[in-house]
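Visitor: The following file, target12.cif, comprises mmCIF, N, CA and C atoms:
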```cif
data_run
loop_
_atom_site.label_atom_id
_atom_site.label_comp_id
_atom_site.auth_asym_id
_atom_site.auth_seq_id
_atom_site.Cartn_x
_atom_site.Cartn_y
_atom_site.Cartn_z
N MET B 1 0.82 -1.18 0.00
CA MET B 1 0.00 0.00 0.00
C MET B 1 0.87 1.26 0.00
N LYS B 2 2.01 1.18 0.73
CA LYS B 2 2.89 2.32 0.81
C LYS B 2 3.47 2.65 -0.56
N THR B 3 3.78 1.63 -1.37
CA THR B 3 4.34 1.82 -2.70
C THR B 3 3.31 2.47 -3.61
N THR B 4 2.07 2.05 -3.52
CA THR B 4 1.01 2.62 -4.34
C THR B 4 0.80 4.09 -4.01
N ASN B 5 0.77 4.44 -2.74
CA ASN B 5 0.60 5.84 -2.33
C ASN B 5 1.78 6.69 -2.80
N GLY B 6 2.99 6.16 -2.72
CA GLY B 6 4.18 6.88 -3.17
C GLY B 6 4.15 7.10 -4.68
N LEU B 7 3.71 6.08 -5.43
CA LEU B 7 3.60 6.19 -6.88
C LEU B 7 2.55 7.24 -7.25
N PHE B 8 1.44 7.19 -6.54
CA PHE B 8 0.36 8.16 -6.80
C PHE B 8 0.85 9.58 -6.52
N ALA B 9 1.61 9.76 -5.45
CA ALA B 9 2.14 11.08 -5.09
C ALA B 9 3.09 11.59 -6.19
N TRP B 10 3.94 10.71 -6.72
CA TRP B 10 4.86 11.11 -7.80
C TRP B 10 4.09 11.49 -9.07
N ILE B 11 3.08 10.74 -9.43
CA ILE B 11 2.27 11.03 -10.62
C ILE B 11 1.54 12.35 -10.45
N ALA B 12 0.94 12.55 -9.28
CA ALA B 12 0.21 13.79 -9.01
C ALA B 12 1.16 14.98 -9.06
N THR B 13 2.35 14.84 -8.48
CA THR B 13 3.34 15.92 -8.48
C THR B 13 3.79 16.22 -9.91
N GLY B 14 4.01 15.17 -10.70
CA GLY B 14 4.43 15.34 -12.09
C GLY B 14 3.37 16.05 -12.91
N CYS B 15 2.11 15.69 -12.73
CA CYS B 15 1.01 16.35 -13.46
C CYS B 15 0.91 17.81 -13.05
N LEU B 16 1.02 18.09 -11.77
CA LEU B 16 0.94 19.47 -11.30
C LEU B 16 2.10 20.29 -11.85
N PHE B 17 3.31 19.73 -11.81
CA PHE B 17 4.48 20.44 -12.32
C PHE B 17 4.33 20.71 -13.82
N THR B 18 3.88 19.71 -14.57
CA THR B 18 3.71 19.87 -16.01
C THR B 18 2.67 20.93 -16.32
N SER B 19 1.57 20.95 -15.60
CA SER B 19 0.53 21.94 -15.86
C SER B 19 1.00 23.34 -15.48
N LEU B 20 1.78 23.47 -14.42
CA LEU B 20 2.29 24.79 -14.02
C LEU B 20 3.31 25.31 -15.02
N ILE B 21 4.15 24.43 -15.53
CA ILE B 21 5.16 24.85 -16.52
C ILE B 21 4.48 25.13 -17.85
N GLY B 22 3.50 24.33 -18.23
CA GLY B 22 2.84 24.47 -19.53
C GLY B 22 1.98 25.72 -19.65
N LEU B 23 1.36 26.17 -18.58
CA LEU B 23 0.47 27.32 -18.65
C LEU B 23 1.18 28.61 -19.04
N PRO B 24 2.30 28.94 -18.41
CA PRO B 24 2.96 30.18 -18.82
C PRO B 24 3.41 30.15 -20.28
N LEU B 25 3.86 29.01 -20.77
CA LEU B 25 4.28 28.91 -22.16
C LEU B 25 3.10 29.15 -23.09
N THR B 26 1.98 28.55 -22.76
CA THR B 26 0.79 28.72 -23.58
C THR B 26 0.32 30.16 -23.55
N GLU B 27 0.31 30.78 -22.38
CA GLU B 27 -0.10 32.18 -22.27
C GLU B 27 0.86 33.09 -23.01
N THR B 28 2.15 32.79 -22.94
CA THR B 28 3.14 33.59 -23.65
C THR B 28 2.95 33.47 -25.15
N GLN B 29 2.74 32.26 -25.62
CA GLN B 29 2.52 32.06 -27.04
C GLN B 29 1.26 32.77 -27.50
N ALA B 30 0.20 32.67 -26.73
CA ALA B 30 -1.06 33.32 -27.09
C ALA B 30 -0.90 34.84 -27.10
N ALA B 31 -0.14 35.38 -26.15
CA ALA B 31 0.05 36.83 -26.08
C ALA B 31 0.91 37.33 -27.23
N SER B 32 1.84 36.49 -27.72
CA SER B 32 2.74 36.93 -28.78
C SER B 32 2.07 36.89 -30.16
N ARG B 33 0.96 36.20 -30.30
CA ARG B 33 0.27 36.14 -31.58
C ARG B 33 -0.62 37.36 -31.75
N LYS B 34 -0.39 38.04 -32.85
CA LYS B 34 -1.20 39.22 -33.15
C LYS B 34 -2.19 38.85 -34.24
N PRO B 35 -3.39 39.41 -34.19
CA PRO B 35 -4.35 39.10 -35.24
C PRO B 35 -3.83 39.60 -36.59
N VAL B 36 -4.10 38.83 -37.62
CA VAL B 36 -3.66 39.17 -38.96
C VAL B 36 -4.68 40.12 -39.58
N ALA B 37 -4.22 41.27 -40.02
CA ALA B 37 -5.11 42.25 -40.65
C ALA B 37 -5.45 41.79 -42.06
N PRO B 38 -6.67 42.05 -42.51
CA PRO B 38 -7.01 41.69 -43.88
C PRO B 38 -6.20 42.55 -44.85
N PRO B 39 -5.95 42.03 -46.05
CA PRO B 39 -5.18 42.81 -47.02
C PRO B 39 -5.86 44.14 -47.33
N LYS B 40 -5.06 45.18 -47.49
CA LYS B 40 -5.58 46.52 -47.77
C LYS B 40 -6.00 46.61 -49.24
N GLN B 41 -7.17 47.20 -49.48
CA GLN B 41 -7.64 47.40 -50.85
C GLN B 41 -6.87 48.54 -51.50
N GLN B 42 -6.53 48.35 -52.78
CA GLN B 42 -5.80 49.34 -53.55
C GLN B 42 -6.56 49.62 -54.83
N GLN B 43 -6.29 50.75 -55.46
CA GLN B 43 -6.93 51.09 -56.73
C GLN B 43 -5.88 51.48 -57.76
N ILE B 44 -6.21 51.19 -59.01
CA ILE B 44 -5.35 51.58 -60.12
C ILE B 44 -6.24 51.74 -61.36
N SER B 45 -5.83 52.62 -62.25
CA SER B 45 -6.58 52.84 -63.49
C SER B 45 -5.72 52.47 -64.68
N GLY B 46 -6.38 52.08 -65.77
CA GLY B 46 -5.66 51.74 -66.98
C GLY B 46 -6.62 51.29 -68.06
N SER B 47 -6.06 50.72 -69.12
CA SER B 47 -6.85 50.25 -70.25
C SER B 47 -6.86 48.73 -70.28
N VAL B 48 -8.02 48.17 -70.58
CA VAL B 48 -8.16 46.71 -70.66
C VAL B 48 -7.33 46.21 -71.84
N VAL B 49 -6.49 45.21 -71.57
CA VAL B 49 -5.75 44.53 -72.63
C VAL B 49 -6.53 43.29 -73.03
N SER B 50 -6.96 42.52 -72.02
CA SER B 50 -7.77 41.34 -72.26
C SER B 50 -8.56 41.01 -71.00
N CYS B 51 -9.62 40.24 -71.20
CA CYS B 51 -10.45 39.86 -70.06
C CYS B 51 -11.17 38.57 -70.40
N ASP B 52 -11.09 37.60 -69.50
CA ASP B 52 -11.88 36.38 -69.63
C ASP B 52 -12.53 36.10 -68.28
N GLU B 53 -13.02 34.90 -68.10
CA GLU B 53 -13.73 34.58 -66.85
C GLU B 53 -12.82 34.52 -65.63
N LYS B 54 -11.51 34.36 -65.84
CA LYS B 54 -10.60 34.17 -64.72
C LYS B 54 -9.63 35.32 -64.48
N VAL B 55 -9.24 36.04 -65.55
CA VAL B 55 -8.19 37.05 -65.42
C VAL B 55 -8.53 38.30 -66.23
N LEU B 56 -8.31 39.46 -65.61
CA LEU B 56 -8.40 40.76 -66.29
C LEU B 56 -6.98 41.30 -66.37
N THR B 57 -6.55 41.66 -67.58
CA THR B 57 -5.23 42.25 -67.77
C THR B 57 -5.41 43.71 -68.13
N VAL B 58 -4.74 44.59 -67.38
CA VAL B 58 -4.87 46.04 -67.55
C VAL B 58 -3.49 46.63 -67.81
N ARG B 59 -3.42 47.56 -68.79
CA ARG B 59 -2.17 48.29 -69.05
C ARG B 59 -2.27 49.64 -68.35
N VAL B 60 -1.31 49.91 -67.49
CA VAL B 60 -1.29 51.17 -66.75
C VAL B 60 -0.44 52.18 -67.50
N ARG B 61 -0.38 53.40 -67.00
CA ARG B 61 0.30 54.51 -67.69
C ARG B 61 1.75 54.21 -68.06
N LYS B 62 2.44 53.52 -67.21
CA LYS B 62 3.86 53.23 -67.46
C LYS B 62 4.05 52.18 -68.55
N GLY B 63 2.95 51.65 -69.09
CA GLY B 63 3.03 50.62 -70.11
C GLY B 63 3.06 49.21 -69.57
N GLU B 64 3.13 49.09 -68.25
CA GLU B 64 3.16 47.79 -67.61
C GLU B 64 1.79 47.13 -67.69
N GLU B 65 1.77 45.83 -67.96
CA GLU B 65 0.52 45.07 -67.96
C GLU B 65 0.40 44.30 -66.66
N ILE B 66 -0.73 44.49 -65.98
CA ILE B 66 -0.94 43.86 -64.68
C ILE B 66 -2.14 42.92 -64.79
N LYS B 67 -1.98 41.72 -64.26
CA LYS B 67 -3.04 40.72 -64.27
C LYS B 67 -3.74 40.68 -62.91
N PHE B 68 -5.08 40.60 -62.95
CA PHE B 68 -5.89 40.53 -61.75
C PHE B 68 -6.75 39.27 -61.82
N ASN B 69 -6.74 38.48 -60.75
CA ASN B 69 -7.57 37.28 -60.70
C ASN B 69 -9.02 37.66 -60.42
N ILE B 70 -9.93 37.08 -61.19
CA ILE B 70 -11.36 37.31 -61.00
C ILE B 70 -11.91 36.17 -60.15
N THR B 71 -12.67 36.53 -59.12
CA THR B 71 -13.29 35.52 -58.25
C THR B 71 -14.80 35.65 -58.30
N ILE B 72 -15.45 34.77 -57.61
CA ILE B 72 -16.92 34.81 -57.53
C ILE B 72 -17.40 36.07 -56.82
N GLU B 73 -16.53 36.68 -56.00
CA GLU B 73 -16.90 37.87 -55.24
C GLU B 73 -16.62 39.17 -55.99
N THR B 74 -15.99 39.09 -57.17
CA THR B 74 -15.66 40.28 -57.95
C THR B 74 -16.93 40.98 -58.40
N LYS B 75 -16.96 42.30 -58.22
CA LYS B 75 -18.10 43.10 -58.67
C LYS B 75 -17.71 43.82 -59.95
N PHE B 76 -18.62 43.83 -60.90
CA PHE B 76 -18.38 44.50 -62.17
C PHE B 76 -19.28 45.72 -62.28
N GLY B 77 -18.68 46.88 -62.47
CA GLY B 77 -19.45 48.10 -62.64
C GLY B 77 -20.01 48.61 -61.35
N GLU B 78 -20.74 49.70 -61.47
CA GLU B 78 -21.40 50.32 -60.34
C GLU B 78 -22.90 50.22 -60.53
N LYS B 79 -23.59 49.81 -59.50
CA LYS B 79 -25.05 49.73 -59.50
C LYS B 79 -25.58 48.91 -60.68
N GLY B 80 -24.90 47.83 -61.00
CA GLY B 80 -25.41 46.88 -61.99
C GLY B 80 -25.30 47.31 -63.44
N ALA B 81 -24.57 48.39 -63.74
CA ALA B 81 -24.46 48.86 -65.12
C ALA B 81 -23.73 47.83 -65.98
N ILE B 82 -22.75 47.17 -65.42
CA ILE B 82 -22.00 46.15 -66.14
C ILE B 82 -22.21 44.84 -65.39
N LYS B 83 -22.54 43.79 -66.11
CA LYS B 83 -22.93 42.54 -65.46
C LYS B 83 -21.81 41.52 -65.29
N SER B 84 -20.84 41.49 -66.23
CA SER B 84 -19.83 40.44 -66.16
C SER B 84 -18.52 40.89 -66.81
N ALA B 85 -17.53 40.01 -66.73
CA ALA B 85 -16.23 40.28 -67.33
C ALA B 85 -16.35 40.41 -68.85
N ALA B 86 -17.31 39.73 -69.45
CA ALA B 86 -17.49 39.78 -70.90
C ALA B 86 -17.88 41.17 -71.39
N ASP B 87 -18.37 42.03 -70.51
CA ASP B 87 -18.77 43.39 -70.88
C ASP B 87 -17.57 44.32 -71.07
N PHE B 88 -16.38 43.89 -70.64
CA PHE B 88 -15.18 44.71 -70.79
C PHE B 88 -14.45 44.30 -72.06
N LYS B 89 -14.15 45.28 -72.89
CA LYS B 89 -13.49 45.05 -74.18
C LYS B 89 -12.10 45.69 -74.16
N PRO B 90 -11.17 45.15 -74.96
CA PRO B 90 -9.84 45.77 -75.04
C PRO B 90 -9.96 47.26 -75.39
N GLY B 91 -9.19 48.06 -74.68
CA GLY B 91 -9.20 49.50 -74.89
C GLY B 91 -10.10 50.25 -73.93
N ASN B 92 -11.06 49.56 -73.28
CA ASN B 92 -11.90 50.22 -72.27
C ASN B 92 -11.03 50.75 -71.15
N HIS B 93 -11.29 51.97 -70.73
CA HIS B 93 -10.57 52.55 -69.60
C HIS B 93 -11.30 52.12 -68.33
N VAL B 94 -10.58 51.57 -67.37
CA VAL B 94 -11.20 51.03 -66.16
C VAL B 94 -10.47 51.51 -64.91
N ARG B 95 -11.21 51.49 -63.81
CA ARG B 95 -10.63 51.70 -62.48
C ARG B 95 -10.82 50.38 -61.74
N VAL B 96 -9.74 49.84 -61.23
CA VAL B 96 -9.73 48.52 -60.61
C VAL B 96 -9.48 48.66 -59.11
N THR B 97 -10.29 47.99 -58.31
CA THR B 97 -10.06 47.89 -56.88
C THR B 97 -9.64 46.44 -56.62
N TYR B 98 -8.51 46.24 -55.94
CA TYR B 98 -7.99 44.89 -55.74
C TYR B 98 -7.28 44.79 -54.40
N VAL B 99 -7.00 43.56 -54.01
CA VAL B 99 -6.15 43.29 -52.85
C VAL B 99 -4.98 42.44 -53.32
N ARG B 100 -3.86 42.64 -52.67
CA ARG B 100 -2.67 41.86 -53.00
C ARG B 100 -2.38 40.93 -51.84
N SER B 101 -2.29 39.64 -52.16
CA SER B 101 -2.03 38.65 -51.13
C SER B 101 -1.19 37.53 -51.73
N ARG B 102 -0.14 37.16 -51.03
CA ARG B 102 0.77 36.10 -51.49
C ARG B 102 1.28 36.33 -52.91
N GLY B 103 1.55 37.60 -53.23
CA GLY B 103 2.12 37.92 -54.52
C GLY B 103 1.13 37.99 -55.67
N GLU B 104 -0.14 37.73 -55.41
CA GLU B 104 -1.15 37.79 -56.46
C GLU B 104 -2.13 38.92 -56.19
N ARG B 105 -2.71 39.45 -57.25
CA ARG B 105 -3.71 40.51 -57.13
C ARG B 105 -5.09 39.90 -57.38
N THR B 106 -5.98 40.09 -56.42
CA THR B 106 -7.34 39.58 -56.55
C THR B 106 -8.28 40.75 -56.76
N LEU B 107 -9.04 40.69 -57.83
CA LEU B 107 -9.93 41.77 -58.22
C LEU B 107 -11.15 41.81 -57.31
N LYS B 108 -11.41 42.96 -56.72
CA LYS B 108 -12.60 43.17 -55.89
C LYS B 108 -13.70 43.84 -56.70
N GLN B 109 -13.32 44.88 -57.46
CA GLN B 109 -14.31 45.59 -58.28
C GLN B 109 -13.60 46.22 -59.47
N VAL B 110 -14.28 46.22 -60.61
CA VAL B 110 -13.77 46.89 -61.79
C VAL B 110 -14.89 47.73 -62.38
N VAL B 111 -14.57 48.98 -62.66
CA VAL B 111 -15.57 49.94 -63.12
C VAL B 111 -15.10 50.54 -64.44
N HIS B 112 -15.98 50.58 -65.43
CA HIS B 112 -15.68 51.22 -66.70
C HIS B 112 -15.70 52.72 -66.48
N VAL B 113 -14.66 53.40 -66.96
CA VAL B 113 -14.56 54.84 -66.76
C VAL B 113 -14.51 55.49 -68.14
N VAL B 114 -15.37 56.48 -68.34
CA VAL B 114 -15.37 57.23 -69.60
C VAL B 114 -14.33 58.31 -69.49
N LYS B 115 -13.39 58.32 -70.44
CA LYS B 115 -12.35 59.35 -70.42
C LYS B 115 -12.94 60.66 -70.89
N HIS B 116 -12.61 61.72 -70.18
CA HIS B 116 -13.02 63.06 -70.56
C HIS B 116 -11.86 63.75 -71.26
N ILE B 117 -12.10 64.22 -72.44
CA ILE B 117 -11.07 64.92 -73.19
C ILE B 117 -11.27 66.42 -73.01
N ASN B 118 -10.25 67.09 -72.48
CA ASN B 118 -10.33 68.54 -72.23
C ASN B 118 -9.67 69.30 -73.35
#
```
Let's see the structure in the file written out as structure tokens.

Guide:
Amino acid sequence: MKTTNGLFAWIATGCLFTSLIGLPLTETQAASRKPVAPPKQQQISGSVVSCDEKVLTVRVRKGEEIKFNITIETKFGEKGAIKSAADFKPGNHVRVTYVRSRGERTLKQVVHVVKHIN
């Protein structure tokens, strides 16, 4: 009986020690984790080079062509004026709202913009 009580005391002490040591580590780890902010939305204007169901390619002023991934959440136009990617034709001037994540640009909204000639 004495051996069983001694074994129980060692197990109980070990569990208590492990839980006391483990709690500060867990709290420290939890405190060091900061919430990840959602990607910031950005805007750019340019001319449509090409557009299909998956990718919109826009040429910006510097002549650079930028590709934007189209998702199910992408909005086309303002207030329903443009319904889909098929409504954008090469040469259309557009304003693009997108987020950049993991090196890729995901299209949030694309709006056809009429150029004003002064």

Visitor: Give me the residues near B:Lys108 as a PyMOL selection string, where near means some atom within 6 Å (using all atoms listed in the file) and where sequence neighbours in that chain fewer than 4 positions away do not count.

Guide: chain B and resi 73-75+97-99

Visitor: Between B:His112, B:Lys34, B:Arg100, B:Lys54, which one has atoms that come closest to B:Lys83, using only C-alpha atoms?

Guide: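 Counting only C-alpha atoms, the residue closest to B:Lys83 is B:His112.
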
Visitor: Evaluate the PyMOL selection byres (((chain B and resi 90 and name CA) around 12) and name CA) against this structure - the residues, as an MDAnalysis selection string, please.

Guide: chainID B and resid 46:52 56:59 85:89 91:94 112

Visitor: Deliver the residues from the most recent selection as a file, using N, CA and C atoms, as a PDB file, in the coordinates of the input.

Guide:
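Just written: selection.pdb:
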```pdb
ATOM      1  N   GLY B  46      -6.380  52.080 -65.770  1.00  0.00           N
ATOM      2  CA  GLY B  46      -5.660  51.740 -66.980  1.00  0.00           C
ATOM      3  C   GLY B  46      -6.620  51.290 -68.060  1.00  0.00           C
ATOM      4  N   SER B  47      -6.060  50.720 -69.120  1.00  0.00           N
ATOM      5  CA  SER B  47      -6.850  50.250 -70.250  1.00  0.00           C
ATOM      6  C   SER B  47      -6.860  48.730 -70.280  1.00  0.00           C
ATOM      7  N   VAL B  48      -8.020  48.170 -70.580  1.00  0.00           N
ATOM      8  CA  VAL B  48      -8.160  46.710 -70.660  1.00  0.00           C
ATOM      9  C   VAL B  48      -7.330  46.210 -71.840  1.00  0.00           C
ATOM     10  N   VAL B  49      -6.490  45.210 -71.570  1.00  0.00           N
ATOM     11  CA  VAL B  49      -5.750  44.530 -72.630  1.00  0.00           C
ATOM     12  C   VAL B  49      -6.530  43.290 -73.030  1.00  0.00           C
ATOM     13  N   SER B  50      -6.960  42.520 -72.020  1.00  0.00           N
ATOM     14  CA  SER B  50      -7.770  41.340 -72.260  1.00  0.00           C
ATOM     15  C   SER B  50      -8.560  41.010 -71.000  1.00  0.00           C
ATOM     16  N   CYS B  51      -9.620  40.240 -71.200  1.00  0.00           N
ATOM     17  CA  CYS B  51     -10.450  39.860 -70.060  1.00  0.00           C
ATOM     18  C   CYS B  51     -11.170  38.570 -70.400  1.00  0.00           C
ATOM     19  N   ASP B  52     -11.090  37.600 -69.500  1.00  0.00           N
ATOM     20  CA  ASP B  52     -11.880  36.380 -69.630  1.00  0.00           C
ATOM     21  C   ASP B  52     -12.530  36.100 -68.280  1.00  0.00           C
ATOM     22  N   LEU B  56      -8.310  39.460 -65.610  1.00  0.00           N
ATOM     23  CA  LEU B  56      -8.400  40.760 -66.290  1.00  0.00           C
ATOM     24  C   LEU B  56      -6.980  41.300 -66.370  1.00  0.00           C
ATOM     25  N   THR B  57      -6.550  41.660 -67.580  1.00  0.00           N
ATOM     26  CA  THR B  57      -5.230  42.250 -67.770  1.00  0.00           C
ATOM     27  C   THR B  57      -5.410  43.710 -68.130  1.00  0.00           C
ATOM     28  N   VAL B  58      -4.740  44.590 -67.380  1.00  0.00           N
ATOM     29  CA  VAL B  58      -4.870  46.040 -67.550  1.00  0.00           C
ATOM     30  C   VAL B  58      -3.490  46.630 -67.810  1.00  0.00           C
ATOM     31  N   ARG B  59      -3.420  47.560 -68.790  1.00  0.00           N
ATOM     32  CA  ARG B  59      -2.170  48.290 -69.050  1.00  0.00           C
ATOM     33  C   ARG B  59      -2.270  49.640 -68.350  1.00  0.00           C
ATOM     34  N   ALA B  85     -17.530  40.010 -66.730  1.00  0.00           N
ATOM     35  CA  ALA B  85     -16.230  40.280 -67.330  1.00  0.00           C
ATOM     36  C   ALA B  85     -16.350  40.410 -68.850  1.00  0.00           C
ATOM     37  N   ALA B  86     -17.310  39.730 -69.450  1.00  0.00           N
ATOM     38  CA  ALA B  86     -17.490  39.780 -70.900  1.00  0.00           C
ATOM     39  C   ALA B  86     -17.880  41.170 -71.390  1.00  0.00           C
ATOM     40  N   ASP B  87     -18.370  42.030 -70.510  1.00  0.00           N
ATOM     41  CA  ASP B  87     -18.770  43.390 -70.880  1.00  0.00           C
ATOM     42  C   ASP B  87     -17.570  44.320 -71.070  1.00  0.00           C
ATOM     43  N   PHE B  88     -16.380  43.890 -70.640  1.00  0.00           N
ATOM     44  CA  PHE B  88     -15.180  44.710 -70.790  1.00  0.00           C
ATOM     45  C   PHE B  88     -14.450  44.300 -72.060  1.00  0.00           C
ATOM     46  N   LYS B  89     -14.150  45.280 -72.890  1.00  0.00           N
ATOM     47  CA  LYS B  89     -13.490  45.050 -74.180  1.00  0.00           C
ATOM     48  C   LYS B  89     -12.100  45.690 -74.160  1.00  0.00           C
ATOM     49  N   GLY B  91      -9.190  48.060 -74.680  1.00  0.00           N
ATOM     50  CA  GLY B  91      -9.200  49.500 -74.890  1.00  0.00           C
ATOM     51  C   GLY B  91     -10.100  50.250 -73.930  1.00  0.00           C
ATOM     52  N   ASN B  92     -11.060  49.560 -73.280  1.00  0.00           N
ATOM     53  CA  ASN B  92     -11.900  50.220 -72.270  1.00  0.00           C
ATOM     54  C   ASN B  92     -11.030  50.750 -71.150  1.00  0.00           C
ATOM     55  N   HIS B  93     -11.290  51.970 -70.730  1.00  0.00           N
ATOM     56  CA  HIS B  93     -10.570  52.550 -69.600  1.00  0.00           C
ATOM     57  C   HIS B  93     -11.300  52.120 -68.330  1.00  0.00           C
ATOM     58  N   VAL B  94     -10.580  51.570 -67.370  1.00  0.00           N
ATOM     59  CA  VAL B  94     -11.200  51.030 -66.160  1.00  0.00           C
ATOM     60  C   VAL B  94     -10.470  51.510 -64.910  1.00  0.00           C
ATOM     61  N   HIS B 112     -15.980  50.580 -65.430  1.00  0.00           N
ATOM     62  CA  HIS B 112     -15.680  51.220 -66.700  1.00  0.00           C
ATOM     63  C   HIS B 112     -15.700  52.720 -66.480  1.00  0.00           C
TER      64      HIS B 112
END
```

Visitor: Counting all atoms listed in the file, which of B:Lys67, B:Glu53, B:Glu78, B:Ile72 gets nearest to B:Glu104?

Guide: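 Among B:Lys67, B:Glu53, B:Glu78, B:Ile72, it is B:Lys67 that comes nearest to B:Glu104.
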
Visitor: Enumerate the residues of stretch 60-113 of chain B with a DSSP assignment of strand (DSSP E or B), computed from the backbone, and present them as a VMD selection string.

Guide: chain B and resid 65 to 69 75 to 76 93 to 101 104 to 112

Visitor: When you count all atoms listed in the file, which of these residues is closest to B:Gln109: B:Arg95, B:Lys40, B:Lys62, B:Arg33?

Guide: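 When distances to B:Gln109 are compared using all atoms listed in the file, the smallest one comes from B:Arg95.
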
Visitor: Using atom CA of B:Val36 and atom C of B:Asn69 as the two end points, give the distance in Å to one decimal.

Guide: 22.2 Å

Visitor: Using only C-alpha atoms, which of the listed residues (B:Gly77, B:Ile66, B:Thr71, B:Gln42) sits closest to B:Val111?

Guide: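 Counting only C-alpha atoms, the residue closest to B:Val111 is B:Gly77.
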